[in-house]
file data.pdb (PDB, C-alpha atoms and all ligand atoms)
ATOM      1  CA  MET K   1      33.685 140.047  81.075
ATOM      2  CA  SER K   2      29.968 140.161  80.143
ATOM      3  CA  GLY K   3      27.519 138.200  82.354
ATOM      4  CA  GLY K   4      26.710 135.645  79.644
ATOM      5  CA  PHE K   5      30.359 135.036  78.744
ATOM      6  CA  PHE K   6      31.336 134.734  82.427
ATOM      7  CA  ILE K   7      28.721 132.014  82.917
ATOM      8  CA  PHE K   8      29.824 130.203  79.760
ATOM      9  CA  VAL K   9      33.456 130.156  80.949
ATOM     10  CA  LEU K  10      32.392 129.098  84.456
ATOM     11  CA  LEU K  11      30.273 126.235  83.143
ATOM     12  CA  SER K  12      33.135 124.882  81.082
ATOM     13  CA  LYS K  13      35.381 125.069  84.171
ATOM     14  CA  THR K  14      32.824 123.213  86.317
ATOM     15  CA  LEU K  15      32.508 120.292  83.900
ATOM     16  CA  ASN K  16      35.430 118.378  85.382
ATOM     17  CA  ARG K  17      35.543 119.985  88.796
ATOM     18  CA  LYS K  18      32.418 119.193  90.758
ATOM     19  CA  ILE K  19      32.190 120.722  94.194
ATOM     20  CA  ILE K  20      29.830 120.674  97.174
ATOM     21  CA  ILE K  21      27.936 123.898  97.855
ATOM     22  CA  ALA K  22      26.476 124.248 101.358
ATOM     23  CA  ILE K  23      23.912 126.988 101.972
ATOM     24  CA  ASP K  24      22.787 127.668 105.544
ATOM     25  CA  GLY K  25      20.802 130.367 107.269
ATOM     26  CA  TYR K  26      17.695 131.309 109.245
ATOM     27  CA  SER K  27      14.151 130.469 108.179
ATOM     28  CA  SER K  28      12.848 131.983 104.994
ATOM     29  CA  CYS K  29      15.851 134.021 103.954
ATOM     30  CA  GLY K  30      16.026 132.749 100.383
ATOM     31  CA  LYS K  31      18.295 129.717 100.794
ATOM     32  CA  SER K  32      16.215 127.397  98.677
ATOM     33  CA  THR K  33      15.698 129.974  95.919
ATOM     34  CA  LEU K  34      19.449 130.437  95.612
ATOM     35  CA  ALA K  35      20.178 126.714  95.913
ATOM     36  CA  LYS K  36      17.701 125.909  93.117
ATOM     37  CA  GLN K  37      19.103 128.669  90.901
ATOM     38  CA  LEU K  38      22.652 127.399  91.383
ATOM     39  CA  ALA K  39      21.766 123.757  90.816
ATOM     40  CA  LYS K  40      19.948 124.629  87.600
ATOM     41  CA  LYS K  41      22.746 126.815  86.273
ATOM     42  CA  LEU K  42      25.537 124.374  87.160
ATOM     43  CA  ASN K  43      23.570 121.238  86.395
ATOM     44  CA  TYR K  44      24.046 120.056  89.984
ATOM     45  CA  VAL K  45      21.731 118.017  92.203
ATOM     46  CA  TYR K  46      19.668 120.147  94.587
ATOM     47  CA  ILE K  47      18.756 118.771  98.017
ATOM     48  CA  ASP K  48      16.419 120.632 100.353
ATOM     49  CA  SER K  49      17.471 119.194 103.719
ATOM     50  CA  GLY K  50      14.649 121.079 105.456
ATOM     51  CA  ALA K  51      12.157 119.091 103.382
ATOM     52  CA  MET K  52      13.570 115.917 104.961
ATOM     53  CA  TYR K  53      12.949 117.215 108.508
ATOM     54  CA  ARG K  54       9.501 118.417 107.444
ATOM     55  CA  ALA K  55       8.636 115.001 105.948
ATOM     56  CA  ILE K  56       9.814 113.211 109.105
ATOM     57  CA  THR K  57       7.655 115.605 111.141
ATOM     58  CA  LEU K  58       4.660 114.873 108.920
ATOM     59  CA  PHE K  59       5.155 111.144 109.539
ATOM     60  CA  PHE K  60       5.397 111.711 113.311
ATOM     61  CA  LEU K  61       2.220 113.820 113.355
ATOM     62  CA  ARG K  62       0.187 111.504 111.142
ATOM     63  CA  ASN K  63       1.182 108.436 113.160
ATOM     64  CA  HIS K  64       0.896 110.105 116.576
ATOM     65  CA  ILE K  65       4.470 109.216 117.460
ATOM     66  CA  ASN K  66       5.401 110.129 121.019
ATOM     67  CA  TRP K  67       8.762 111.810 120.515
ATOM     68  CA  GLN K  68       9.549 111.814 124.237
ATOM     69  CA  ASP K  69       9.926 108.029 123.888
ATOM     70  CA  GLU K  70      13.299 106.980 122.418
ATOM     71  CA  ASP K  71      12.046 103.543 121.334
ATOM     72  CA  ALA K  72       9.073 105.074 119.556
ATOM     73  CA  ILE K  73      11.440 107.426 117.671
ATOM     74  CA  THR K  74      13.673 104.525 116.620
ATOM     75  CA  GLU K  75      10.722 102.502 115.418
ATOM     76  CA  ALA K  76       9.241 105.436 113.532
ATOM     77  CA  LEU K  77      12.535 106.169 111.768
ATOM     78  CA  ASN K  78      12.773 102.496 110.747
ATOM     79  CA  ASN K  79       9.505 103.003 108.921
ATOM     80  CA  ILE K  80      10.459 106.152 107.062
ATOM     81  CA  GLN K  81      11.865 106.138 103.575
ATOM     82  CA  LEU K  82      12.714 109.488 101.995
ATOM     83  CA  GLU K  83      13.497 110.077  98.330
ATOM     84  CA  PHE K  84      13.803 113.060  96.017
ATOM     85  CA  HIS K  85      12.461 112.857  92.463
ATOM     86  CA  SER K  86      12.445 115.477  89.769
ATOM     87  CA  ASN K  87       8.966 116.645  88.742
ATOM     88  CA  PRO K  88       8.925 116.133  84.949
ATOM     89  CA  SER K  89       6.731 119.165  84.275
ATOM     90  CA  THR K  90       8.643 121.710  86.402
ATOM     91  CA  GLY K  91      12.071 120.065  86.526
ATOM     92  CA  GLU K  92      12.067 120.742  90.295
ATOM     93  CA  SER K  93      13.190 118.197  92.869
ATOM     94  CA  GLU K  94      10.335 117.056  95.148
ATOM     95  CA  ILE K  95      10.337 114.941  98.293
ATOM     96  CA  TYR K  96       8.594 111.573  98.668
ATOM     97  CA  LEU K  97       7.737 110.011 102.020
ATOM     98  CA  ASN K  98       7.291 106.241 101.714
ATOM     99  CA  GLY K  99       6.449 106.639  98.037
ATOM    100  CA  GLU K 100       4.015 109.557  98.475
ATOM    101  CA  ASN K 101       4.789 112.994  97.086
ATOM    102  CA  VAL K 102       4.574 115.258 100.160
ATOM    103  CA  GLU K 103       6.339 118.312  98.730
ATOM    104  CA  TYR K 104       3.207 120.462  99.047
ATOM    105  CA  VAL K 105       1.727 119.240 102.317
ATOM    106  CA  ILE K 106       4.983 119.581 104.311
ATOM    107  CA  ARG K 107       4.881 123.374 103.775
ATOM    108  CA  ASP K 108       1.744 123.693 105.962
ATOM    109  CA  LEU K 109       1.975 125.669 109.180
ATOM    110  CA  VAL K 110       0.861 122.551 111.100
ATOM    111  CA  VAL K 111       4.163 120.917 110.113
ATOM    112  CA  ALA K 112       6.173 124.146 110.529
ATOM    113  CA  GLU K 113       4.878 124.451 114.093
ATOM    114  CA  LYS K 114       6.487 121.146 115.145
ATOM    115  CA  VAL K 115       9.429 120.676 112.782
ATOM    116  CA  SER K 116      12.075 122.426 114.869
ATOM    117  CA  GLU K 117      11.220 120.357 117.934
ATOM    118  CA  ILE K 118      11.534 117.136 115.954
ATOM    119  CA  ALA K 119      14.643 118.287 114.069
ATOM    120  CA  ALA K 120      16.331 118.847 117.431
ATOM    121  CA  LEU K 121      16.092 115.143 118.349
ATOM    122  CA  LYS K 122      19.480 113.379 118.269
ATOM    123  CA  LYS K 123      18.202 110.259 116.502
ATOM    124  CA  VAL K 124      16.320 112.250 113.894
ATOM    125  CA  ARG K 125      19.412 114.298 113.081
ATOM    126  CA  ALA K 126      21.635 111.222 112.822
ATOM    127  CA  PHE K 127      19.082 109.617 110.466
ATOM    128  CA  ALA K 128      18.867 112.663 108.163
ATOM    129  CA  VAL K 129      22.558 113.614 108.228
ATOM    130  CA  HIS K 130      23.628 110.073 107.292
ATOM    131  CA  GLN K 131      21.400 110.151 104.185
ATOM    132  CA  GLN K 132      22.529 113.673 103.270
ATOM    133  CA  GLN K 133      26.192 112.665 103.440
ATOM    134  CA  ILE K 134      25.557 109.725 101.113
ATOM    135  CA  MET K 135      23.849 112.071  98.632
ATOM    136  CA  GLY K 136      26.986 114.232  98.561
ATOM    137  CA  GLN K 137      29.479 111.454  97.904
ATOM    138  CA  LYS K 138      29.699 112.175  94.187
ATOM    139  CA  LYS K 139      29.835 115.973  94.728
ATOM    140  CA  GLY K 140      28.099 118.210  92.174
ATOM    141  CA  ILE K 141      25.481 118.991  94.809
ATOM    142  CA  VAL K 142      23.887 122.089  96.341
ATOM    143  CA  MET K 143      22.280 121.462  99.726
ATOM    144  CA  ASP K 144      20.532 124.033 101.877
ATOM    145  CA  GLY K 145      19.667 123.855 105.562
ATOM    146  CA  ARG K 146      20.949 124.847 108.976
ATOM    147  CA  ASP K 147      23.974 122.596 109.586
ATOM    148  CA  ILE K 148      25.187 121.769 106.102
ATOM    149  CA  GLY K 149      28.461 123.706 106.272
ATOM    150  CA  THR K 150      29.097 122.814 109.920
ATOM    151  CA  THR K 151      28.030 119.163 110.284
ATOM    152  CA  VAL K 152      26.859 117.529 107.059
ATOM    153  CA  PHE K 153      29.681 118.732 104.797
ATOM    154  CA  PRO K 154      32.309 120.424 106.971
ATOM    155  CA  ASP K 155      34.715 120.107 104.017
ATOM    156  CA  ALA K 156      32.365 121.623 101.429
ATOM    157  CA  GLU K 157      34.347 123.676  98.936
ATOM    158  CA  LEU K 158      31.858 126.558  99.101
ATOM    159  CA  LYS K 159      29.794 127.538 102.138
ATOM    160  CA  ILE K 160      27.281 130.345 101.944
ATOM    161  CA  PHE K 161      25.441 131.781 104.937
ATOM    162  CA  MET K 162      22.307 133.645 103.868
ATOM    163  CA  THR K 163      20.736 136.457 105.827
ATOM    164  CA  ALA K 164      17.916 138.901 105.168
ATOM    165  CA  ASP K 165      16.080 141.558 107.112
ATOM    166  CA  ASN K 166      13.534 140.014 109.538
ATOM    167  CA  ALA K 167      10.538 141.981 108.276
ATOM    168  CA  ILE K 168      11.314 140.974 104.680
ATOM    169  CA  ARG K 169      11.591 137.302 105.658
ATOM    170  CA  VAL K 170       8.194 137.403 107.387
ATOM    171  CA  GLU K 171       6.612 139.186 104.436
ATOM    172  CA  ARG K 172       8.020 136.694 101.900
ATOM    173  CA  ARG K 173       6.868 133.642 103.883
ATOM    174  CA  PHE K 174       3.459 135.223 104.595
ATOM    175  CA  LYS K 175       2.875 135.721 100.857
ATOM    176  CA  GLU K 176       3.769 132.078 100.121
ATOM    177  CA  LEU K 177       1.520 130.664 102.848
ATOM    178  CA  PHE K 178      -1.360 133.109 102.250
ATOM    179  CA  ALA K 179      -1.563 131.973  98.615
ATOM    180  CA  LYS K 180      -2.388 128.480  99.907
ATOM    181  CA  ASN K 181      -4.397 129.442 102.980
ATOM    182  CA  PRO K 182      -6.095 132.872 103.073
ATOM    183  CA  ASN K 183      -6.984 132.382 106.764
ATOM    184  CA  ILE K 184      -3.370 132.626 107.837
ATOM    185  CA  THR K 185      -2.266 135.791 109.654
ATOM    186  CA  ILE K 186       1.025 137.632 109.485
ATOM    187  CA  GLU K 187       1.325 137.252 113.281
ATOM    188  CA  GLU K 188       1.188 133.446 113.027
ATOM    189  CA  VAL K 189       3.899 133.456 110.379
ATOM    190  CA  LYS K 190       6.104 135.873 112.340
ATOM    191  CA  ASN K 191       5.742 133.855 115.558
ATOM    192  CA  ASN K 192       6.565 130.623 113.752
ATOM    193  CA  LEU K 193       9.723 132.014 112.129
ATOM    194  CA  GLU K 194      10.907 133.476 115.445
ATOM    195  CA  LEU K 195      10.210 130.260 117.337
ATOM    196  CA  ARG K 196      11.982 128.077 114.754
ATOM    197  CA  ASP K 197      14.991 130.379 114.578
ATOM    198  CA  TYR K 198      15.239 130.273 118.371
ATOM    199  CA  ILE K 199      14.962 126.477 118.664
ATOM    200  CA  ASP K 200      17.247 125.897 115.657
ATOM    201  CA  SER K 201      20.017 128.072 117.045
ATOM    202  CA  HIS K 202      19.774 126.886 120.649
ATOM    203  CA  ARG K 203      19.459 123.103 120.249
ATOM    204  CA  GLU K 204      22.140 120.823 121.632
ATOM    205  CA  VAL K 205      22.929 118.855 118.465
ATOM    206  CA  SER K 206      24.407 120.836 115.558
ATOM    207  CA  PRO K 207      22.674 124.155 116.197
ATOM    208  CA  LEU K 208      22.280 126.637 113.382
ATOM    209  CA  MET K 209      25.421 128.753 113.174
ATOM    210  CA  GLN K 210      27.600 130.310 110.556
ATOM    211  CA  ALA K 211      30.596 128.116 109.688
ATOM    212  CA  ALA K 212      33.872 129.957 110.255
ATOM    213  CA  ASP K 213      34.704 129.697 106.549
ATOM    214  CA  ALA K 214      31.255 130.618 105.197
ATOM    215  CA  VAL K 215      30.675 133.657 103.018
ATOM    216  CA  VAL K 216      27.683 135.783 104.023
ATOM    217  CA  ILE K 217      25.146 136.872 101.433
ATOM    218  CA  ASP K 218      22.522 139.335 102.690
ATOM    219  CA  ASN K 219      19.774 139.271 100.100
ATOM    220  CA  THR K 220      17.495 141.917 101.641
ATOM    221  CA  ASP K 221      18.076 144.262  98.711
ATOM    222  CA  LEU K 222      19.185 141.795  96.059
ATOM    223  CA  THR K 223      17.066 140.616  93.142
ATOM    224  CA  PRO K 224      17.146 136.858  92.451
ATOM    225  CA  GLU K 225      19.416 137.559  89.466
ATOM    226  CA  GLU K 226      21.837 139.607  91.566
ATOM    227  CA  GLN K 227      22.063 136.956  94.286
ATOM    228  CA  LEU K 228      22.703 134.263  91.688
ATOM    229  CA  PHE K 229      25.435 136.303  90.041
ATOM    230  CA  LYS K 230      27.138 136.898  93.397
ATOM    231  CA  ALA K 231      27.013 133.180  94.220
ATOM    232  CA  LEU K 232      28.337 132.210  90.776
ATOM    233  CA  GLN K 233      31.299 134.506  91.317
ATOM    234  CA  LEU K 234      31.995 132.637  94.569
ATOM    235  CA  VAL K 235      31.738 129.314  92.734
ATOM    236  CA  ASP K 236      34.206 130.608  90.154
ATOM    237  CA  GLU K 237      36.694 131.569  92.883
ATOM    238  CA  GLN K 238      36.379 128.154  94.521
ATOM    239  CA  ILE K 239      36.641 126.148  91.305
ATOM    240  CA  GLY K 240      39.920 127.956  90.647
ATOM    241  CA  GLN K 241      41.270 126.514  93.906
ATOM    242  CA  VAL K 242      40.050 122.911  93.470
TER     243      VAL K 242
HETATM  244  O1  LIG K 301      12.192 126.996 104.345
HETATM  245  P1  LIG K 301      12.415 127.335 105.774
HETATM  246  O2  LIG K 301      13.557 128.252 105.937
HETATM  247  O3  LIG K 301      11.192 127.775 106.479
HETATM  248  O4  LIG K 301      12.805 126.021 106.565
HETATM  249  P2  LIG K 301      13.238 124.606 106.011
HETATM  250  O5  LIG K 301      14.549 124.720 105.324
HETATM  251  O6  LIG K 301      12.118 123.971 105.295
HETATM  252  O7  LIG K 301      13.499 123.815 107.388
HETATM  253  C1  LIG K 301      12.458 123.517 108.281
HETATM  254  C2  LIG K 301      13.052 123.207 109.635
HETATM  255  O8  LIG K 301      13.838 122.010 109.539
HETATM  256  C3  LIG K 301      13.980 124.233 110.238
HETATM  257  O9  LIG K 301      13.307 125.260 110.943
HETATM  258  C4  LIG K 301      14.846 123.384 111.169
HETATM  259  O10 LIG K 301      14.193 123.145 112.389
HETATM  260  C5  LIG K 301      14.936 122.064 110.426
HETATM  261  N1  LIG K 301      16.192 121.915 109.689
HETATM  262  C6  LIG K 301      17.310 121.501 110.395
HETATM  263  O11 LIG K 301      17.262 121.360 111.612
HETATM  264  N2  LIG K 301      18.468 121.252 109.746
HETATM  265  C7  LIG K 301      18.558 121.408 108.427
HETATM  266  N3  LIG K 301      19.695 121.112 107.810
HETATM  267  C8  LIG K 301      17.436 121.858 107.690
HETATM  268  C9  LIG K 301      16.271 122.128 108.360
END

call {"tool": "encode", "arguments": {"input": "data.pdb", "output": "structure tokens"}}
result
Amino acid sequence: MSGGFFIFVLLSKTLNRKIIIAIDGYSSCGKSTLAKQLAKKLNYVYIDSGAMYRAITLFFLRNHINWQDEDAITEALNNIQLEFHSNPSTGESEIYLNGENVEYVIRDLVVAEKVSEIAALKKVRAFAVHQQQIMGQKKGIVMDGRDIGTTVFPDAELKIFMTADNAIRVERRFKELFAKNPNITIEEVKNNLELRDYIDSHREVSPLMQAADAVVIDNTDLTPEEQLFKALQLVDEQIGQV
């Protein structure tokens, strides 16, 4: 079957059979690129769960919240409202914190340096996971993160675990951050990715791990088109079983 015809047939199959697609993996290994590609192709909702933890972190930093203090965490979370809206000019989903578009500012290294510590807090995870589960109630959703296939949607019809060579991950993230801040060094980026991966996989509450039923995609040597095609084939297999 040609690529175009395969996608046409798949799209007609997906019309009445919406599924949940969970994409997990380490920092900067292409999860969000694949999730956005899939959502666009399938006409699904895309949710970047990492953006939620980043936005919460931004709120904590801006408001000098002491996250060793349980009451301060509870109060802070009571004052956080997160929403995703599609940007009309790019069609991309962007995150809003209490009505402010923070999609750009949450990508800063200042936020990245603290996000894993804050995302490890029990109350923060319960707050985010609850909202993520509500977003998935109607299915037809692609969500990427660290615990989507294990905790948020343990019954997701398709679970993908992304990996990529470490050096490639550092290089990709360095390019993204350098475009915004030419003072950034590759060492800073490398240290941040290593630190986050360590904290994310060693925390007590829903640590990053591959779900037993996840399919691994290593995108070190794959073009964006190749990774999308691979994932669409997995969607096709799953839709057949729904
Ligand atoms: O894009 P990148 O891979 O750098 O990370 P992200 O998806 O923006 O996530 C930022 C951080 O949020 C991660 O390093 C985790 O600490 C946390 N996170 C999490 O704990 N659980 C998720 N489902 C998603 C992100």

call {"tool": "closest_residue", "arguments": {"input": "data.pdb", "among": "K:Ile19, K:Ala55, K:Met135, K:Met209", "to": "Leu42 of chain K", "atoms": "only C-alpha atoms"}}
result
K:Ile19

call {"tool": "residues_around", "arguments": {"input": "data.pdb", "residues": "segment 105-113 of chain K", "least_positions_apart": "3", "cutoff": "7 Å", "atoms": "all atoms listed in the file", "output": "MDAnalysis selection string"}}
result
chainID K and resid 54:55 57:58 102 192

call {"tool": "residues_near_ligand", "arguments": {"input": "data.pdb", "ligand": "ligand LIG 301 (chain K)", "cutoff": "8 Å", "atoms": "only C-alpha atoms and all ligand atoms", "output": "JSON list (two decimals) with C-alpha atoms, in the coordinates of the input"}}
result
[["chain", "number", "residue", "atom", "x", "y", "z"],
["K", 24, "ASP", "CA", 22.79, 127.67, 105.54],
["K", 25, "GLY", "CA", 20.80, 130.37, 107.27],
["K", 26, "TYR", "CA", 17.70, 131.31, 109.24],
["K", 27, "SER", "CA", 14.15, 130.47, 108.18],
["K", 28, "SER", "CA", 12.85, 131.98, 104.99],
["K", 29, "CYS", "CA", 15.85, 134.02, 103.95],
["K", 30, "GLY", "CA", 16.03, 132.75, 100.38],
["K", 31, "LYS", "CA", 18.30, 129.72, 100.79],
["K", 32, "SER", "CA", 16.22, 127.40, 98.68],
["K", 48, "ASP", "CA", 16.42, 120.63, 100.35],
["K", 49, "SER", "CA", 17.47, 119.19, 103.72],
["K", 50, "GLY", "CA", 14.65, 121.08, 105.46],
["K", 51, "ALA", "CA", 12.16, 119.09, 103.38],
["K", 52, "MET", "CA", 13.57, 115.92, 104.96],
["K", 53, "TYR", "CA", 12.95, 117.22, 108.51],
["K", 54, "ARG", "CA", 9.50, 118.42, 107.44],
["K", 107, "ARG", "CA", 4.88, 123.37, 103.78],
["K", 112, "ALA", "CA", 6.17, 124.15, 110.53],
["K", 115, "VAL", "CA", 9.43, 120.68, 112.78],
["K", 116, "SER", "CA", 12.08, 122.43, 114.87],
["K", 117, "GLU", "CA", 11.22, 120.36, 117.93],
["K", 118, "ILE", "CA", 11.53, 117.14, 115.95],
["K", 119, "ALA", "CA", 14.64, 118.29, 114.07],
["K", 120, "ALA", "CA", 16.33, 118.85, 117.43],
["K", 125, "ARG", "CA", 19.41, 114.30, 113.08],
["K", 144, "ASP", "CA", 20.53, 124.03, 101.88],
["K", 145, "GLY", "CA", 19.67, 123.86, 105.56],
["K", 146, "ARG", "CA", 20.95, 124.85, 108.98],
["K", 147, "ASP", "CA", 23.97, 122.60, 109.59],
["K", 148, "ILE", "CA", 25.19, 121.77, 106.10],
["K", 173, "ARG", "CA", 6.87, 133.64, 103.88],
["K", 193, "LEU", "CA", 9.72, 132.01, 112.13],
["K", 196, "ARG", "CA", 11.98, 128.08, 114.75],
["K", 197, "ASP", "CA", 14.99, 130.38, 114.58],
["K", 199, "ILE", "CA", 14.96, 126.48, 118.66],
["K", 200, "ASP", "CA", 17.25, 125.90, 115.66],
["K", 207, "PRO", "CA", 22.67, 124.16, 116.20],
["K", 208, "LEU", "CA", 22.28, 126.64, 113.38]]

call {"tool": "resolve_selection", "arguments": {"input": "data.pdb", "expression": "the PyMOL selection byres (((chain K and resi 7) around 10) and not hetatm)", "output": "JSON, numbers by chain"}}
result
{"K": [1, 2, 3, 4, 5, 6, 8, 9, 10, 11, 12, 13, 41, 42, 229, 232, 233, 236]}

call {"tool": "atom_distance", "arguments": {"input": "data.pdb", "atom1": "atom CA of Glu187 of chain K", "atom2": "atom CA of Thr220 of chain K"}}
result
20.5 Å

call {"tool": "closest_residue", "arguments": {"input": "data.pdb", "among": "K:Leu77, K:Ala156, K:Val142, K:Leu222", "to": "Ile168 of chain K", "atoms": "only C-alpha atoms"}}
result
K:Leu222

call {"tool": "atom_distance", "arguments": {"input": "data.pdb", "atom1": "atom CA of Asp213 of chain K", "atom2": "atom CA of Thr33 of chain K"}}
result
21.8 Å

call {"tool": "resolve_selection", "arguments": {"input": "data.pdb", "expression": "the PyMOL selection byres (((chain K and resi 141) around 8) and not hetatm)", "output": "list in words"}}
result
Ile19, Ile20, Ile21, Ala39, Tyr44, Val45, Tyr46, Ile47, Gly136, Lys139, Gly140, Val142 and Met143 of chain K

call {"tool": "write_last_selection", "arguments": {"input": "data.pdb", "atoms": "C-alpha atoms", "output": "PDB file, keeping the file's coordinate frame"}}
result
ATOM      1  CA  ILE K  19      32.190 120.722  94.194  1.00  0.00           C
ATOM      2  CA  ILE K  20      29.830 120.674  97.174  1.00  0.00           C
ATOM      3  CA  ILE K  21      27.936 123.898  97.855  1.00  0.00           C
ATOM      4  CA  ALA K  39      21.766 123.757  90.816  1.00  0.00           C
ATOM      5  CA  TYR K  44      24.046 120.056  89.984  1.00  0.00           C
ATOM      6  CA  VAL K  45      21.731 118.017  92.203  1.00  0.00           C
ATOM      7  CA  TYR K  46      19.668 120.147  94.587  1.00  0.00           C
ATOM      8  CA  ILE K  47      18.756 118.771  98.017  1.00  0.00           C
ATOM      9  CA  GLY K 136      26.986 114.232  98.561  1.00  0.00           C
ATOM     10  CA  LYS K 139      29.835 115.973  94.728  1.00  0.00           C
ATOM     11  CA  GLY K 140      28.099 118.210  92.174  1.00  0.00           C
ATOM     12  CA  VAL K 142      23.887 122.089  96.341  1.00  0.00           C
ATOM     13  CA  MET K 143      22.280 121.462  99.726  1.00  0.00           C
TER      14      MET K 143
END

call {"tool": "closest_residue", "arguments": {"input": "data.pdb", "among": "K:Ile95, K:Val235, K:Val129, K:Val170", "to": "Val215 of chain K", "atoms": "all atoms listed in the file"}}
result
K:Val235

call {"tool": "atom_distance", "arguments": {"input": "data.pdb", "atom1": "atom CA of Ser86 of chain K", "atom2": "atom CA of Glu100 of chain K"}}
result
13.5 Å

call {"tool": "residues_near_point", "arguments": {"input": "data.pdb", "point": "(19.7, 138.3, 106.0)", "cutoff": "8 Å", "atoms": "only C-alpha atoms", "output": "MDAnalysis selection string"}}
result
chainID K and resid 26 29 162:166 217:220

call {"tool": "closest_residue", "arguments": {"input": "data.pdb", "among": "K:Phe84, K:Phe127, K:Tyr96, K:Tyr104", "to": "Lys180 of chain K", "atoms": "all atoms listed in the file"}}
result
K:Tyr104

call {"tool": "closest_residue", "arguments": {"input": "data.pdb", "among": "K:Gln68, K:Phe174, K:Lys36, K:Leu195", "to": "Gly91 of chain K", "atoms": "only C-alpha atoms"}}
result
K:Lys36

call {"tool": "resolve_selection", "arguments": {"input": "data.pdb", "expression": "the PyMOL selection byres (((chain K and resi 82) around 6) and not hetatm)", "output": "list in words"}}
result
Gln81, Glu83, Tyr96 and Leu97 of chain K

call {"tool": "closest_residue", "arguments": {"input": "data.pdb", "among": "K:Ser206, K:Gln227, K:Thr90, K:Ser201", "to": "Ala126 of chain K", "atoms": "all atoms listed in the file"}}
result
K:Ser206
